[in-house]
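Below: the structure, in structure tokens.
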Amino acid sequence: MLRRILIAACLLCVAGIAAASVTLWVVLKRLEPSVLERFRSHRWTFPSKIYSDSLLIYPGMDLKTVGFFERLRDLDYRRVEGGVTHQGEYAIGKNNAFVDLYVRELPLPTVTGSGARVRLNLSNSSVVSIEDLVTQKNSYALELDPELISGLYQGNWEERHLVRLDEVPPLMLRAIIDVEDQHFYEHHGIDFGGIVRALWVDLRSRRLEQGGSTLTQQLMKNFFLTDERSIKRKLSEALMALIVEHHFSKQEILTNYINEIYLGQKGAQGVYGVSEASRFYFGKNVQDLSVAEIATLAGLIKAPNRYSPFRNPGISKHRRNYALLLMQKQGDLTAEECAAAVEEPLLTVPPSNETNDAPYFTDFVRQELSQTYPAQVLTTEGLQILTSLDMHLQRLAEEALQNGLAELEKRHPKLRADKPADALEGCLIVIQPQTGAIKAMMGGRDYRSTQFNRCTQALRQPGSVFKPFTYLTAFEETRHAAQPILPTTRITDEPFEWAYDDQVWTPANYKKRYFGEVTVREALEHSLNAATARLAHDVGIQPIIETAHRLGITAVLPPYPSVVLGAAEVTPFEVAQAFSALANNGLRTTPLAIKKVLDHADQPIARNPVEVEQVIAADTAYLVTHLMEGVLDYGTANAARKQGFKRPAAGKTGTTNDYSDAWFAGFTPDLLAVVWVGYDHRRPLNMAGAEAALPIWTEFMKAATAGLPPNPFTPPPGITLAVIDPASGMLATPLCPKSLAEAFYSGTEPIVPCPLHAVPGDTGNPSGTTAPGSEPSAYHQPARVSPTQDDPALSTALPPGV
């Protein structure tokens, strides 16, 4: 009887096993096509990445003022003692006499060649020479890596750098196998011994603690499944592993694994794959890792956040040493190699900046990209967008704007608002005039509070910032006339009525103070509304509007008289473009944010060249620039000089009639910045541009140009500089108490000595007549000015910043 029972039981077991085998075979066959298709067609998604401009280093540059060492930190460069032997390393010489640098390879050819090893010889913190450590030859410049600003992605940002097996050190592969799956080359997808051990641990703890998963099973989970801990998921994982192992080689599986495995978190970025993790934790290529660093990465796989050397260095080191012992046990390390690696300190690069330092600029770039590339391409194809942004200038702009607005609120408590939505706001945009490159963009004081980009989206009245366009038009329209308007031409600064469309407009000065006859220079330097409007009345509104549009103003400008004093709404971005044309001798450049776009394989797919158009004659543009230099030296922006900004610069303050907008637009020959301050809801500031916007501009420009040699504005052909007496407009004599180097169209400069301070015996021009092209006209010429109009107190009597 017992025998029959045993036989029956055996038959039942065999039948059960057979049925289970058939069922398993059926399930595998049903599952196989979809698993194979998904595995073969699996494609990693790569977020497109937005990079700053590269940093060009050259002899004469002050490394401290351009934030060189901060840039190295943000780029994950690693400081070492002695020589630099790996890309991404730098060393500082004794007494800071030099910096050795091993530059990483860049996607496109650089000034010094890709992956250069160089020495920057220093005097204090300034570069004296750049020496190639390999060729021993000097180079004229060095290009440092662009800095990652942000990524464009959907869902999770998975940051990885794909590598082949032959690009990974064999010891790295062995370490992963030793720690995660010691029988990888022996099993067919499932390690039954590992499963038994895991089940025993789970039963003892009465919960699912260990997985017992092979590398192939882990890969299946990452590719196709979730992190749910359940029997069903484990069964699916095991079946998929069997299928994949049957159809693909161990090398193919391992290649996918080392690129797929999750190894940590950097802010919004997930760190995936051994290559990306090598860079993230150690600032090295995976080929350059030490034995201890290899073991650290292998030990991270089980629990990247718990074993992170950043978060838990003690636990991470203990886990690393455990991995080293496993590697020795499996014969991949000798006892001596293991002991040496155990003694090695756990050295990582400092965690790099994980925030977006230029969110307004990033949004601007994203909007430009969306006009060319579909959203799916931007979030999955791994495009590399190389932009014009200078991260050093961007951080200076952020600091200047935030600190400047806070200082205004501190000094004037009435500016503070109860609600964040009503807070005092501002923006700052920085452009390189010669190229149109946008070097910095702060669209508001805090992106977290409001994403509204005031640089590009805020339509505000520019006020007196618009006036240079009026003077530019006056010069341009009359330059070939018998009596051209010149910087020394006198115009009347008194109330007058401008009739238009059955209406009358009467422009008023600041605090209704008028100064009779003033020169064109004085009218612009001191922002006199009545004098400017009188000039515009005679020139005509339409030519002034056309000039503004040629310079870069794109907004509709209504043909009303008040437009000549800045009553039409424009964006700070438009103002910056228009002023950059003045700074660039009349050459208008198209604002440039995106320089190049590369695909994931570093191949260029788009390049935006610098677009330049001569929209204003160079000599005319220089006349206005020369006038605006006086705005800083003597006029409404003179406070910038008192704040310590001494280098050559030109600019214009702006204040709207209701005091709801404060502006300053100014530039050196190489850099232009526009600042706007106000409230989004147009609450009055009751402050002029010189009080609210100019201090922010000044602090930014002082920091942005620190350490750079002063660069004066160079007169173009067609301009003659003459030293004149500002009271008479004639050539200064030794007896003139004041003199000024004034700019003129060549041929219109005065040739007669000053009649007000004539040298005894001088027979120059006793009649007081002026040179050809400077004859008296409806605009009173300087030679005819009366003694009361020449009062030296005139400049001090003119209004403060407007």
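By convention in this document, the chains of the structure tokens carry letters A, B, ... by their order, each chain's residues are numbered from 1, and ligands are numbered from 1 in the order they are shown.
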Problem - Neighbour list for A:Thr387 as a ChimeraX atom specification, cut-off 12 Å, only C-alpha atoms, skip fewer than 4 positions in-chain - result: /A:49-55,146-150,358,361-362,364-366,368-369,391,437-440,591-598,607-608
Please report as JSON lines every residue of stretch 226-295 of chain A lying within 12 Å of stretch 95-109 of chain A, along with the nearest atom pair and their distance in Å (one decimal), using only C-alpha atoms.
{"residue": "A:Arg279", "atom": "CA", "partner": "A:Arg104", "partner_atom": "CA", "distance": 11.6}
{"residue": "A:Gly283", "atom": "CA", "partner": "A:Arg104", "partner_atom": "CA", "distance": 10.6}
{"residue": "A:Lys284", "atom": "CA", "partner": "A:Arg104", "partner_atom": "CA", "distance": 9.9}
{"residue": "A:Asn285", "atom": "CA", "partner": "A:Arg104", "partner_atom": "CA", "distance": 9.8}
Could the residues in this selection be saved with N, CA and C atoms as a JSON list (two decimals), in the first residue's frame?
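The result, written out as selection-v4.json:
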[["chain", "number", "residue", "atom", "x", "y", "z"],
["A", 279, "ARG", "N", 32.85, 60.66, -13.05],
["A", 279, "ARG", "CA", 32.99, 62.12, -13.15],
["A", 279, "ARG", "C", 32.33, 62.80, -11.95],
["A", 283, "GLY", "N", 35.61, 63.30, -10.33],
["A", 283, "GLY", "CA", 36.12, 64.25, -11.31],
["A", 283, "GLY", "C", 37.08, 63.63, -12.30],
["A", 284, "LYS", "N", 36.90, 62.34, -12.59],
["A", 284, "LYS", "CA", 37.82, 61.61, -13.47],
["A", 284, "LYS", "C", 37.05, 60.86, -14.55],
["A", 285, "ASN", "N", 37.75, 60.55, -15.63],
["A", 285, "ASN", "CA", 37.23, 59.57, -16.57],
["A", 285, "ASN", "C", 37.32, 58.19, -15.92]]
Handout entry: Shell of 10 Å around A:Asp132, only C-alpha atoms, local chain residues under 4 positions omitted, as an MDAnalysis selection string
Key = chainID A and resid 100:101 112 116:120 136:139 142
Hey, could you make a per-residue contact list for stretch 315-423 of chain A against stretch 703-721 of chain A with 12 Å as the cut-off, showing the nearest pair of atoms and its distance in Å to one decimal, counting only C-alpha atoms, sorted by chain and number, as JSON lines?
{"residue": "A:Asp390", "atom": "CA", "partner": "A:Ala704", "partner_atom": "CA", "distance": 10.6}
{"residue": "A:Met391", "atom": "CA", "partner": "A:Ala704", "partner_atom": "CA", "distance": 11.3}
{"residue": "A:His392", "atom": "CA", "partner": "A:Ala704", "partner_atom": "CA", "distance": 8.3}
{"residue": "A:Leu393", "atom": "CA", "partner": "A:Ala704", "partner_atom": "CA", "distance": 6.2}
{"residue": "A:Gln394", "atom": "CA", "partner": "A:Ala704", "partner_atom": "CA", "distance": 9.6}
{"residue": "A:Arg395", "atom": "CA", "partner": "A:Ala704", "partner_atom": "CA", "distance": 10.0}
{"residue": "A:Leu396", "atom": "CA", "partner": "A:Ala703", "partner_atom": "CA", "distance": 7.0}
{"residue": "A:Ala397", "atom": "CA", "partner": "A:Ala704", "partner_atom": "CA", "distance": 8.7}
{"residue": "A:Glu398", "atom": "CA", "partner": "A:Ala703", "partner_atom": "CA", "distance": 11.9}
{"residue": "A:Glu399", "atom": "CA", "partner": "A:Ala703", "partner_atom": "CA", "distance": 10.2}
{"residue": "A:Ala400", "atom": "CA", "partner": "A:Ala703", "partner_atom": "CA", "distance": 9.1}
Handout entry: In stretch 193-421 of chain A, DSSP strand (DSSP E) residues written as a list in words
Key =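 Restricting stretch 193-421 of chain A to strand (DSSP E) produces Tyr262, Leu263, Gly264, Gln265, Lys266, Gln269, Gly270, Val271, Tyr272, Gln384, Ile385, Leu386 and Thr387 of chain A.
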Write the residues of the preceding selection, restricted to C-alpha atoms, as a compact mmCIF listing (two decimals), in the first residue's frame.
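Once written, result_11.txt looks like this:
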# COMPACT_ATOMS: atom_id res chain seq x y z
CA TYR A 262 21.67 54.05 -11.04
CA LEU A 263 24.53 55.39 -8.90
CA GLY A 264 23.35 58.54 -7.16
CA GLN A 265 21.60 61.86 -7.32
CA LYS A 266 22.82 65.37 -8.13
CA GLN A 269 19.88 64.86 -12.10
CA GLY A 270 19.99 61.12 -11.59
CA VAL A 271 23.53 59.78 -12.05
CA TYR A 272 23.45 56.67 -14.25
CA GLN A 384 24.12 70.05 -26.61
CA ILE A 385 23.25 73.74 -26.78
CA LEU A 386 26.27 76.01 -26.52
CA THR A 387 25.19 79.52 -25.57
Practice task
Name all residues at most 7 Å from A:Ile696 (count only C-alpha atoms; drop same-chain ones fewer than 4 positions away) and give them as a ChimeraX atom specification.
Solution key: /A:400-401,404,700
Exercise for the section: Could you tell me which of A:Ala727, A:Leu325, A:Ala665, A:Ala340 comes closest to A:Pro695 if we count only C-alpha atoms? Expected result: A:Ala665
Handout entry: Residues of stretch 367-481 of chain A in helix (DSSP H, G or I), written as a PyMOL selection string
Key = chain A and resi 367-370+375-380+391-411+413-415+420-422+454-457+463-478
Practice task
Fewer than 2 positions away in the same chain doesn't count, so skip those; otherwise give me all residues within 12 Å of A:Glu749, counting only C-alpha atoms, as a PyMOL selection string.
Solution key: chain A and resi 484-489+718-724+729-731+741-747+751-753+770-775
Let me see the file: selected residues, N, CA and C atoms, as a short mmCIF file (atom, residue, chain, number, x, y, z; two decimals), in the first residue's frame.
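Below is the file that was written, out13.cif:
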data_model
loop_
_atom_site.label_atom_id
_atom_site.label_comp_id
_atom_site.auth_asym_id
_atom_site.auth_seq_id
_atom_site.Cartn_x
_atom_site.Cartn_y
_atom_site.Cartn_z
N PRO A 484 24.66 122.49 -39.96
CA PRO A 484 24.39 121.23 -39.26
C PRO A 484 24.30 121.43 -37.75
N ILE A 485 23.54 120.58 -37.14
CA ILE A 485 23.48 120.56 -35.68
C ILE A 485 24.72 119.84 -35.16
N LEU A 486 25.40 120.47 -34.22
CA LEU A 486 26.65 119.94 -33.66
C LEU A 486 26.53 119.86 -32.14
N PRO A 487 27.43 119.17 -31.47
CA PRO A 487 27.37 119.12 -30.01
C PRO A 487 27.44 120.50 -29.36
N THR A 488 28.05 121.48 -30.06
CA THR A 488 28.19 122.82 -29.50
C THR A 488 27.05 123.75 -29.90
N THR A 489 26.16 123.28 -30.75
CA THR A 489 25.02 124.09 -31.15
C THR A 489 24.14 124.40 -29.94
N GLY A 718 36.25 110.29 -40.11
CA GLY A 718 35.16 111.25 -40.28
C GLY A 718 34.89 112.06 -39.03
N ILE A 719 35.62 111.77 -37.95
CA ILE A 719 35.47 112.49 -36.70
C ILE A 719 36.78 113.22 -36.38
N THR A 720 36.65 114.47 -35.99
CA THR A 720 37.80 115.24 -35.53
C THR A 720 37.53 115.71 -34.11
N LEU A 721 38.50 115.50 -33.24
CA LEU A 721 38.40 115.99 -31.87
C LEU A 721 39.11 117.32 -31.76
N ALA A 722 38.44 118.30 -31.17
CA ALA A 722 39.02 119.63 -30.98
C ALA A 722 38.85 120.04 -29.53
N VAL A 723 39.90 120.60 -28.96
CA VAL A 723 39.83 121.06 -27.58
C VAL A 723 39.23 122.45 -27.59
N ILE A 724 38.06 122.59 -26.98
CA ILE A 724 37.33 123.85 -27.05
C ILE A 724 37.07 124.39 -25.65
N GLY A 729 32.47 127.46 -27.30
CA GLY A 729 32.47 126.47 -28.37
C GLY A 729 33.61 126.63 -29.33
N MET A 730 34.50 127.61 -29.11
CA MET A 730 35.65 127.83 -29.97
C MET A 730 36.89 127.15 -29.38
N LEU A 731 37.96 127.16 -30.17
CA LEU A 731 39.20 126.52 -29.73
C LEU A 731 39.69 127.14 -28.43
N ALA A 741 37.51 118.30 -24.77
CA ALA A 741 37.78 117.67 -26.07
C ALA A 741 36.44 117.28 -26.68
N GLU A 742 36.00 118.04 -27.66
CA GLU A 742 34.70 117.82 -28.27
C GLU A 742 34.86 117.13 -29.63
N ALA A 743 33.86 116.34 -29.98
CA ALA A 743 33.87 115.62 -31.26
C ALA A 743 33.04 116.36 -32.29
N PHE A 744 33.55 116.40 -33.52
CA PHE A 744 32.86 117.06 -34.62
C PHE A 744 32.99 116.18 -35.86
N TYR A 745 31.99 116.31 -36.76
CA TYR A 745 32.21 115.79 -38.10
C TYR A 745 33.43 116.52 -38.66
N SER A 746 34.33 115.78 -39.28
CA SER A 746 35.53 116.42 -39.85
C SER A 746 35.12 117.51 -40.84
N GLY A 747 35.69 118.69 -40.66
CA GLY A 747 35.35 119.82 -41.49
C GLY A 747 34.40 120.78 -40.83
N ILE A 751 37.76 126.57 -35.91
CA ILE A 751 39.15 126.90 -36.27
C ILE A 751 39.57 128.24 -35.67
N VAL A 752 38.65 128.84 -34.93
CA VAL A 752 38.89 130.17 -34.37
C VAL A 752 39.11 130.04 -32.87
N PRO A 753 40.10 130.76 -32.31
CA PRO A 753 40.31 130.72 -30.86
C PRO A 753 39.12 131.32 -30.11
N THR A 770 32.59 132.19 -37.17
CA THR A 770 32.90 130.77 -36.95
C THR A 770 33.36 130.13 -38.24
N ALA A 771 33.84 128.93 -38.08
CA ALA A 771 34.35 128.19 -39.24
C ALA A 771 33.22 127.81 -40.17
N PRO A 772 33.55 127.55 -41.45
CA PRO A 772 32.52 127.08 -42.38
C PRO A 772 31.83 125.84 -41.81
N GLY A 773 30.52 125.80 -42.00
CA GLY A 773 29.76 124.69 -41.45
C GLY A 773 29.28 124.96 -40.05
N SER A 774 29.74 126.06 -39.44
CA SER A 774 29.30 126.39 -38.08
C SER A 774 28.72 127.80 -38.05
N GLU A 775 28.13 128.27 -39.13
CA GLU A 775 27.58 129.61 -39.20
C GLU A 775 26.38 129.75 -38.28
#
Exercise for the section: Give me the residues within 12 Å of stretch 157-163 of chain A as a ChimeraX atom specification, counting only C-alpha atoms and dropping any in the same chain fewer than 4 places off. Expected result: /A:43-49,150-153,167-169,254-280,285-287,379-380,382,600-601
Exercise for the section: Rank nothing, just name the residue among A:Thr519, A:Thr653, A:Thr473, A:Thr733 nearest to A:Ile544, using only C-alpha atoms. Expected result: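 Among the listed residues, A:Thr473 lies closest to A:Ile544.
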